[in-house]
file protein_26.cif (mmCIF, C-alpha atoms)
data_my_file
#
loop_
_atom_site.label_atom_id
_atom_site.label_comp_id
_atom_site.auth_asym_id
_atom_site.auth_seq_id
_atom_site.Cartn_x
_atom_site.Cartn_y
_atom_site.Cartn_z
CA MET A 1 0.00 0.00 0.00
CA PHE A 2 2.82 2.41 0.84
CA ILE A 3 4.53 1.71 -2.50
CA ASN A 4 1.32 2.40 -4.41
CA SER A 5 0.83 5.70 -2.56
CA ALA A 6 4.47 6.76 -3.15
CA LYS A 7 4.15 5.88 -6.83
CA LYS A 8 0.99 8.03 -7.15
CA THR A 9 2.69 10.92 -5.35
CA PHE A 10 5.77 10.63 -7.58
CA THR A 11 3.59 10.54 -10.71
CA LEU A 12 1.62 13.58 -9.54
CA LEU A 13 4.78 15.55 -8.69
CA PHE A 14 6.43 14.58 -11.99
CA THR A 15 3.35 15.72 -13.92
CA LEU A 16 3.29 19.02 -12.03
CA LEU A 17 7.00 19.53 -12.71
CA LEU A 18 6.50 18.95 -16.44
CA ALA A 19 3.59 21.39 -16.46
CA LEU A 20 5.71 24.05 -14.72
CA VAL A 21 8.59 23.55 -17.16
CA PHE A 22 6.21 23.83 -20.12
CA VAL A 23 4.52 26.98 -18.80
CA GLY A 24 7.86 28.54 -17.80
CA THR A 25 9.48 28.04 -21.18
CA SER A 26 6.44 28.96 -23.22
CA CYS A 27 6.11 32.35 -21.51
CA LYS A 28 9.71 33.43 -22.04
CA LYS A 29 9.08 34.44 -25.66
CA ASP A 30 6.31 36.79 -24.52
CA ASP A 31 8.69 38.49 -22.07
CA GLU A 32 11.47 39.13 -24.59
CA LYS A 33 11.39 42.73 -25.75
CA THR A 34 12.63 43.86 -29.14
CA SER A 35 14.67 46.98 -29.84
CA LYS A 36 11.46 48.56 -31.16
CA ASP A 37 9.72 47.81 -27.85
CA PHE A 38 12.49 49.52 -25.87
CA LEU A 39 12.75 52.44 -28.31
CA THR A 40 9.04 53.27 -28.23
CA ALA A 41 8.46 52.61 -24.52
CA HIS A 42 9.30 56.17 -23.42
CA ASP A 43 11.14 59.37 -24.32
CA TRP A 44 14.94 59.48 -24.49
CA GLN A 45 17.35 62.17 -23.31
CA LEU A 46 20.96 62.54 -24.48
CA VAL A 47 23.37 62.20 -21.53
CA SER A 48 26.81 61.76 -23.12
CA VAL A 49 28.71 61.83 -26.39
CA LYS A 50 32.13 60.43 -27.21
CA VAL A 51 33.92 61.42 -30.39
CA GLY A 52 36.81 59.20 -31.40
CA GLY A 53 36.74 57.64 -27.92
CA ILE A 54 37.06 61.00 -26.15
CA ALA A 55 34.19 62.28 -23.99
CA SER A 56 32.68 65.47 -25.31
CA THR A 57 31.15 68.14 -23.09
CA LEU A 58 27.47 68.61 -23.76
CA ASP A 59 26.13 72.14 -23.92
CA ASP A 60 23.09 72.93 -21.76
CA CYS A 61 21.09 73.39 -24.96
CA ASP A 62 21.76 69.73 -25.87
CA LYS A 63 21.07 68.30 -22.41
CA ASP A 64 17.37 69.22 -22.49
CA ASP A 65 16.59 67.73 -25.92
CA ILE A 66 14.03 64.92 -25.87
CA ALA A 67 13.73 62.26 -28.58
CA THR A 68 10.46 60.37 -28.99
CA PHE A 69 10.00 57.32 -31.20
CA HIS A 70 6.37 56.50 -32.00
CA SER A 71 5.38 52.92 -32.83
CA ASP A 72 4.04 54.06 -36.24
CA GLY A 73 7.59 55.00 -37.33
CA GLU A 74 7.37 58.74 -36.62
CA TYR A 75 10.25 60.45 -34.82
CA HIS A 76 10.13 63.72 -32.84
CA LEU A 77 13.06 65.69 -31.47
CA ASP A 78 12.05 68.48 -29.10
CA GLU A 79 14.74 71.12 -28.50
CA GLY A 80 13.64 71.62 -24.90
CA ALA A 81 13.62 74.92 -23.04
CA THR A 82 17.04 75.99 -24.38
CA LYS A 83 17.74 75.88 -28.13
CA CYS A 84 21.36 75.90 -29.32
CA ASP A 85 20.40 78.04 -32.32
CA PRO A 86 17.37 80.32 -31.84
CA ALA A 87 16.58 79.92 -35.57
CA ASP A 88 16.15 76.14 -35.18
CA PRO A 89 12.59 74.84 -35.01
CA GLN A 90 11.38 73.81 -31.56
CA GLU A 91 10.53 70.36 -32.88
CA THR A 92 11.95 68.29 -35.71
CA ILE A 93 9.70 65.55 -37.05
CA GLY A 94 10.89 62.67 -39.17
CA THR A 95 10.71 58.92 -39.55
CA TRP A 96 12.65 56.04 -38.08
CA SER A 97 13.12 52.35 -38.79
CA ILE A 98 15.17 49.48 -37.39
CA SER A 99 16.94 46.94 -39.54
CA SER A 100 17.28 43.74 -37.56
CA SER A 101 18.96 41.99 -40.51
CA THR A 102 22.27 43.57 -39.51
CA THR A 103 24.45 42.88 -36.49
CA PRO A 104 24.31 45.11 -34.60
CA GLU A 105 20.84 46.33 -35.52
CA THR A 106 20.70 49.63 -37.41
CA LEU A 107 18.48 52.59 -36.53
CA THR A 108 17.76 54.83 -39.53
CA LEU A 109 16.48 58.37 -38.95
CA SER A 110 15.19 60.55 -41.79
CA TYR A 111 14.13 64.18 -41.34
CA ASP A 112 14.06 67.56 -43.06
CA ASP A 113 16.79 70.02 -42.04
CA ALA A 114 16.08 73.48 -43.47
CA GLY A 115 14.83 72.07 -46.77
CA THR A 116 17.45 69.30 -47.03
CA GLN A 117 16.40 65.68 -46.50
CA VAL A 118 18.82 64.06 -44.03
CA THR A 119 19.18 60.32 -43.43
CA GLU A 120 21.39 59.00 -40.65
CA GLU A 121 22.17 55.35 -39.86
CA TYR A 122 23.22 54.42 -36.34
CA ASP A 123 24.35 51.06 -34.99
CA ILE A 124 22.33 50.16 -31.91
CA THR A 125 25.26 49.25 -29.68
CA GLU A 126 23.06 48.76 -26.60
CA ILE A 127 19.40 49.14 -25.78
CA SER A 128 17.44 48.37 -22.64
CA ASP A 129 14.55 49.87 -20.75
CA ALA A 130 16.86 52.41 -19.10
CA GLN A 131 19.59 53.17 -21.64
CA MET A 132 20.32 53.32 -25.36
CA VAL A 133 23.76 53.64 -26.98
CA LEU A 134 23.98 54.60 -30.66
CA THR A 135 27.15 54.63 -32.75
CA ILE A 136 27.74 56.35 -36.08
CA GLU A 137 30.80 56.92 -38.26
CA VAL A 138 31.10 60.61 -39.15
CA PRO A 139 33.58 61.63 -41.90
CA PHE A 140 36.51 63.69 -40.55
CA PHE A 141 35.39 63.09 -36.93
CA GLY A 142 35.48 59.31 -36.60
CA THR A 143 33.23 57.22 -34.42
CA VAL A 144 30.59 59.11 -32.47
CA VAL A 145 28.95 57.23 -29.58
CA SER A 146 25.81 58.82 -28.13
CA THR A 147 24.28 57.58 -24.89
CA PHE A 148 20.64 58.25 -24.06
CA GLU A 149 18.72 57.54 -20.88
CA LYS A 150 15.06 56.98 -20.23
CA LYS A 151 13.31 60.29 -19.63
#

call {"tool": "encode", "arguments": {"input": "protein_26.cif", "output": "structure tokens"}}
result
Amino acid sequence: MFINSAKKTFTLLFTLLLALVFVGTSCKKDDEKTSKDFLTAHDWQLVSVKVGGIASTLDDCDKDDIATFHSDGEYHLDEGATKCDPADPQETIGTWSISSSTTPETLTLSYDDAGTQVTEEYDITEISDAQMVLTIEVPFFGTVVSTFEKK
């Protein structure tokens, strides 16, 4: 009788363990966020820039800029309370897209700058809920690494 009871208990526990493993592994895919999920989750504020590996000092007019990436592919850059050039528009609106076929992924921004269409491609070096690091090669300057934090 004891053996029968132990066998039933073992079978029940084994079945429960299998169910937990199945549920645990099947939910992981739902929890994985994409770069798009992180990018569109909130606004981003520039906190540091390195040019050619050397930290650059940000002007106050750059520190208050806020970048917003909408899930429909629209991009907004608000100049904040202090504009670096008073003639600049308060807000620049453009489009964005992510290419996940590259490693690292590439973020492409397109916008109008005083009548000239500008397209920039950044490598997404790092992205999480709290921080985003973008890298771009700029002729005559070298590698520019921009770090943004969740606003």

call {"tool": "resolve_selection", "arguments": {"input": "protein_26.cif", "expression": "the PyMOL selection byres ((chain A and resi 97-108) around 8)", "output": "list in words"}}
result
Ser35, Lys36, Gly73, Thr95, Trp96, Leu109, Ser110, Thr119, Glu120, Glu121, Tyr122, Asp123, Ile124 and Thr125 of chain A

call {"tool": "resolve_selection", "arguments": {"input": "protein_26.cif", "expression": "the PyMOL selection byres ((chain A and resi 66-68) around 7)", "output": "number ranges by chain"}}
result
A: 43-45, 64-65, 69-70, 75-80

call {"tool": "residues_near_point", "arguments": {"input": "protein_26.cif", "point": "(13.4, 72.4, -44.0)", "cutoff": "12 Å", "atoms": "only C-alpha atoms", "output": "list of chain:residue names"}}
result
A:Ala87, A:Asp88, A:Pro89, A:Glu91, A:Thr92, A:Ile93, A:Gly94, A:Tyr111, A:Asp112, A:Asp113, A:Ala114, A:Gly115, A:Thr116, A:Gln117, A:Val118

call {"tool": "atom_distance", "arguments": {"input": "protein_26.cif", "atom1": "CA of Val144 (chain A)", "atom2": "CA of Asp129 (chain A)"}}
result
21.9 Å

call {"tool": "residues_around", "arguments": {"input": "protein_26.cif", "residues": "Ser71 (chain A)", "least_positions_apart": "6", "cutoff": "9 Å", "atoms": "all atoms listed in the file", "output": "MDAnalysis selection string"}}
result
chainID A and resid 36:37 39:41

call {"tool": "atom_distance", "arguments": {"input": "protein_26.cif", "atom1": "CA of Cys84 (chain A)", "atom2": "CA of Cys61 (chain A)"}}
result
5.0 Å

call {"tool": "resolve_selection", "arguments": {"input": "protein_26.cif", "expression": "the PyMOL selection byres ((chain A and resi 149) around 8)", "output": "PyMOL selection string"}}
result
chain A and resi 44-47+130-132+147-148+150-151

call {"tool": "atom_distance", "arguments": {"input": "protein_26.cif", "atom1": "CA of Asp60 (chain A)", "atom2": "CA of Val133 (chain A)"}}
result
20.0 Å

call {"tool": "closest_residue", "arguments": {"input": "protein_26.cif", "among": "A:Ser48, A:Pro86, A:Glu74, A:Pro139", "to": "Asp62 (chain A)", "atoms": "only C-alpha atoms"}}
result
A:Ser48

call {"tool": "residues_around", "arguments": {"input": "protein_26.cif", "residues": "Lys50 (chain A)", "least_positions_apart": "5", "cutoff": "7 Å", "atoms": "all atoms listed in the file", "output": "VMD selection string"}}
result
chain A and resid 55 to 56 144 to 146

call {"tool": "build_atoms", "arguments": {"input": "protein_26.cif", "residues": "region 118-148 of chain A", "atoms": "N, CA and C atoms", "output": "PDB file, in the frame of the given file"}}
result
ATOM      1  N   VAL A 118      17.664  64.676 -44.687  1.00  0.00           N
ATOM      2  CA  VAL A 118      18.820  64.060 -44.030  1.00  0.00           C
ATOM      3  C   VAL A 118      18.452  62.643 -43.626  1.00  0.00           C
ATOM      4  N   THR A 119      19.352  61.702 -43.879  1.00  0.00           N
ATOM      5  CA  THR A 119      19.180  60.320 -43.430  1.00  0.00           C
ATOM      6  C   THR A 119      20.445  59.915 -42.693  1.00  0.00           C
ATOM      7  N   GLU A 120      20.267  59.425 -41.477  1.00  0.00           N
ATOM      8  CA  GLU A 120      21.390  59.000 -40.650  1.00  0.00           C
ATOM      9  C   GLU A 120      21.176  57.542 -40.242  1.00  0.00           C
ATOM     10  N   GLU A 121      22.253  56.762 -40.275  1.00  0.00           N
ATOM     11  CA  GLU A 121      22.170  55.350 -39.860  1.00  0.00           C
ATOM     12  C   GLU A 121      23.080  55.123 -38.671  1.00  0.00           C
ATOM     13  N   TYR A 122      22.494  54.677 -37.578  1.00  0.00           N
ATOM     14  CA  TYR A 122      23.220  54.420 -36.340  1.00  0.00           C
ATOM     15  C   TYR A 122      23.221  52.922 -36.051  1.00  0.00           C
ATOM     16  N   ASP A 123      24.333  52.412 -35.542  1.00  0.00           N
ATOM     17  CA  ASP A 123      24.350  51.060 -34.990  1.00  0.00           C
ATOM     18  C   ASP A 123      23.778  51.140 -33.583  1.00  0.00           C
ATOM     19  N   ILE A 124      22.861  50.235 -33.266  1.00  0.00           N
ATOM     20  CA  ILE A 124      22.330  50.160 -31.910  1.00  0.00           C
ATOM     21  C   ILE A 124      23.300  49.292 -31.112  1.00  0.00           C
ATOM     22  N   THR A 125      24.220  49.944 -30.430  1.00  0.00           N
ATOM     23  CA  THR A 125      25.260  49.250 -29.680  1.00  0.00           C
ATOM     24  C   THR A 125      24.672  48.593 -28.431  1.00  0.00           C
ATOM     25  N   GLU A 126      23.707  49.280 -27.812  1.00  0.00           N
ATOM     26  CA  GLU A 126      23.060  48.760 -26.600  1.00  0.00           C
ATOM     27  C   GLU A 126      21.684  49.381 -26.493  1.00  0.00           C
ATOM     28  N   ILE A 127      20.729  48.583 -26.048  1.00  0.00           N
ATOM     29  CA  ILE A 127      19.400  49.140 -25.780  1.00  0.00           C
ATOM     30  C   ILE A 127      18.738  48.303 -24.695  1.00  0.00           C
ATOM     31  N   SER A 128      18.162  49.003 -23.736  1.00  0.00           N
ATOM     32  CA  SER A 128      17.440  48.370 -22.640  1.00  0.00           C
ATOM     33  C   SER A 128      16.315  49.317 -22.242  1.00  0.00           C
ATOM     34  N   ASP A 129      15.624  48.987 -21.191  1.00  0.00           N
ATOM     35  CA  ASP A 129      14.550  49.870 -20.750  1.00  0.00           C
ATOM     36  C   ASP A 129      15.091  51.197 -20.233  1.00  0.00           C
ATOM     37  N   ALA A 130      16.312  51.209 -19.721  1.00  0.00           N
ATOM     38  CA  ALA A 130      16.860  52.410 -19.100  1.00  0.00           C
ATOM     39  C   ALA A 130      17.851  53.181 -19.949  1.00  0.00           C
ATOM     40  N   GLN A 131      18.504  52.515 -20.913  1.00  0.00           N
ATOM     41  CA  GLN A 131      19.590  53.170 -21.640  1.00  0.00           C
ATOM     42  C   GLN A 131      19.664  52.711 -23.089  1.00  0.00           C
ATOM     43  N   MET A 132      20.103  53.633 -23.944  1.00  0.00           N
ATOM     44  CA  MET A 132      20.320  53.320 -25.360  1.00  0.00           C
ATOM     45  C   MET A 132      21.651  53.944 -25.769  1.00  0.00           C
ATOM     46  N   VAL A 133      22.476  53.151 -26.477  1.00  0.00           N
ATOM     47  CA  VAL A 133      23.760  53.640 -26.980  1.00  0.00           C
ATOM     48  C   VAL A 133      23.752  53.470 -28.489  1.00  0.00           C
ATOM     49  N   LEU A 134      23.953  54.586 -29.198  1.00  0.00           N
ATOM     50  CA  LEU A 134      23.980  54.600 -30.660  1.00  0.00           C
ATOM     51  C   LEU A 134      25.355  55.007 -31.146  1.00  0.00           C
ATOM     52  N   THR A 135      25.822  54.347 -32.205  1.00  0.00           N
ATOM     53  CA  THR A 135      27.150  54.630 -32.750  1.00  0.00           C
ATOM     54  C   THR A 135      27.016  54.944 -34.241  1.00  0.00           C
ATOM     55  N   ILE A 136      27.747  55.982 -34.674  1.00  0.00           N
ATOM     56  CA  ILE A 136      27.740  56.350 -36.080  1.00  0.00           C
ATOM     57  C   ILE A 136      29.152  56.786 -36.481  1.00  0.00           C
ATOM     58  N   GLU A 137      29.515  56.465 -37.711  1.00  0.00           N
ATOM     59  CA  GLU A 137      30.800  56.920 -38.260  1.00  0.00           C
ATOM     60  C   GLU A 137      30.547  58.245 -38.980  1.00  0.00           C
ATOM     61  N   VAL A 138      31.258  59.282 -38.557  1.00  0.00           N
ATOM     62  CA  VAL A 138      31.100  60.610 -39.150  1.00  0.00           C
ATOM     63  C   VAL A 138      32.408  60.979 -39.852  1.00  0.00           C
ATOM     64  N   PRO A 139      32.345  61.260 -41.179  1.00  0.00           N
ATOM     65  CA  PRO A 139      33.580  61.630 -41.900  1.00  0.00           C
ATOM     66  C   PRO A 139      34.303  62.791 -41.223  1.00  0.00           C
ATOM     67  N   PHE A 140      35.613  62.692 -41.134  1.00  0.00           N
ATOM     68  CA  PHE A 140      36.510  63.690 -40.550  1.00  0.00           C
ATOM     69  C   PHE A 140      36.437  63.781 -39.031  1.00  0.00           C
ATOM     70  N   PHE A 141      35.488  63.090 -38.388  1.00  0.00           N
ATOM     71  CA  PHE A 141      35.390  63.090 -36.930  1.00  0.00           C
ATOM     72  C   PHE A 141      35.697  61.706 -36.357  1.00  0.00           C
ATOM     73  N   GLY A 142      35.288  60.675 -37.085  1.00  0.00           N
ATOM     74  CA  GLY A 142      35.480  59.310 -36.600  1.00  0.00           C
ATOM     75  C   GLY A 142      34.208  58.755 -35.991  1.00  0.00           C
ATOM     76  N   THR A 143      34.371  57.879 -35.049  1.00  0.00           N
ATOM     77  CA  THR A 143      33.230  57.220 -34.420  1.00  0.00           C
ATOM     78  C   THR A 143      32.619  58.118 -33.356  1.00  0.00           C
ATOM     79  N   VAL A 144      31.312  58.316 -33.459  1.00  0.00           N
ATOM     80  CA  VAL A 144      30.590  59.110 -32.470  1.00  0.00           C
ATOM     81  C   VAL A 144      29.651  58.162 -31.730  1.00  0.00           C
ATOM     82  N   VAL A 145      29.787  58.098 -30.419  1.00  0.00           N
ATOM     83  CA  VAL A 145      28.950  57.230 -29.580  1.00  0.00           C
ATOM     84  C   VAL A 145      28.088  58.135 -28.707  1.00  0.00           C
ATOM     85  N   SER A 146      26.772  58.016 -28.882  1.00  0.00           N
ATOM     86  CA  SER A 146      25.810  58.820 -28.130  1.00  0.00           C
ATOM     87  C   SER A 146      25.047  57.917 -27.169  1.00  0.00           C
ATOM     88  N   THR A 147      24.996  58.343 -25.905  1.00  0.00           N
ATOM     89  CA  THR A 147      24.280  57.580 -24.890  1.00  0.00           C
ATOM     90  C   THR A 147      23.045  58.361 -24.464  1.00  0.00           C
ATOM     91  N   PHE A 148      21.916  57.668 -24.457  1.00  0.00           N
ATOM     92  CA  PHE A 148      20.640  58.250 -24.060  1.00  0.00           C
ATOM     93  C   PHE A 148      20.107  57.488 -22.855  1.00  0.00           C
TER      94      PHE A 148
END
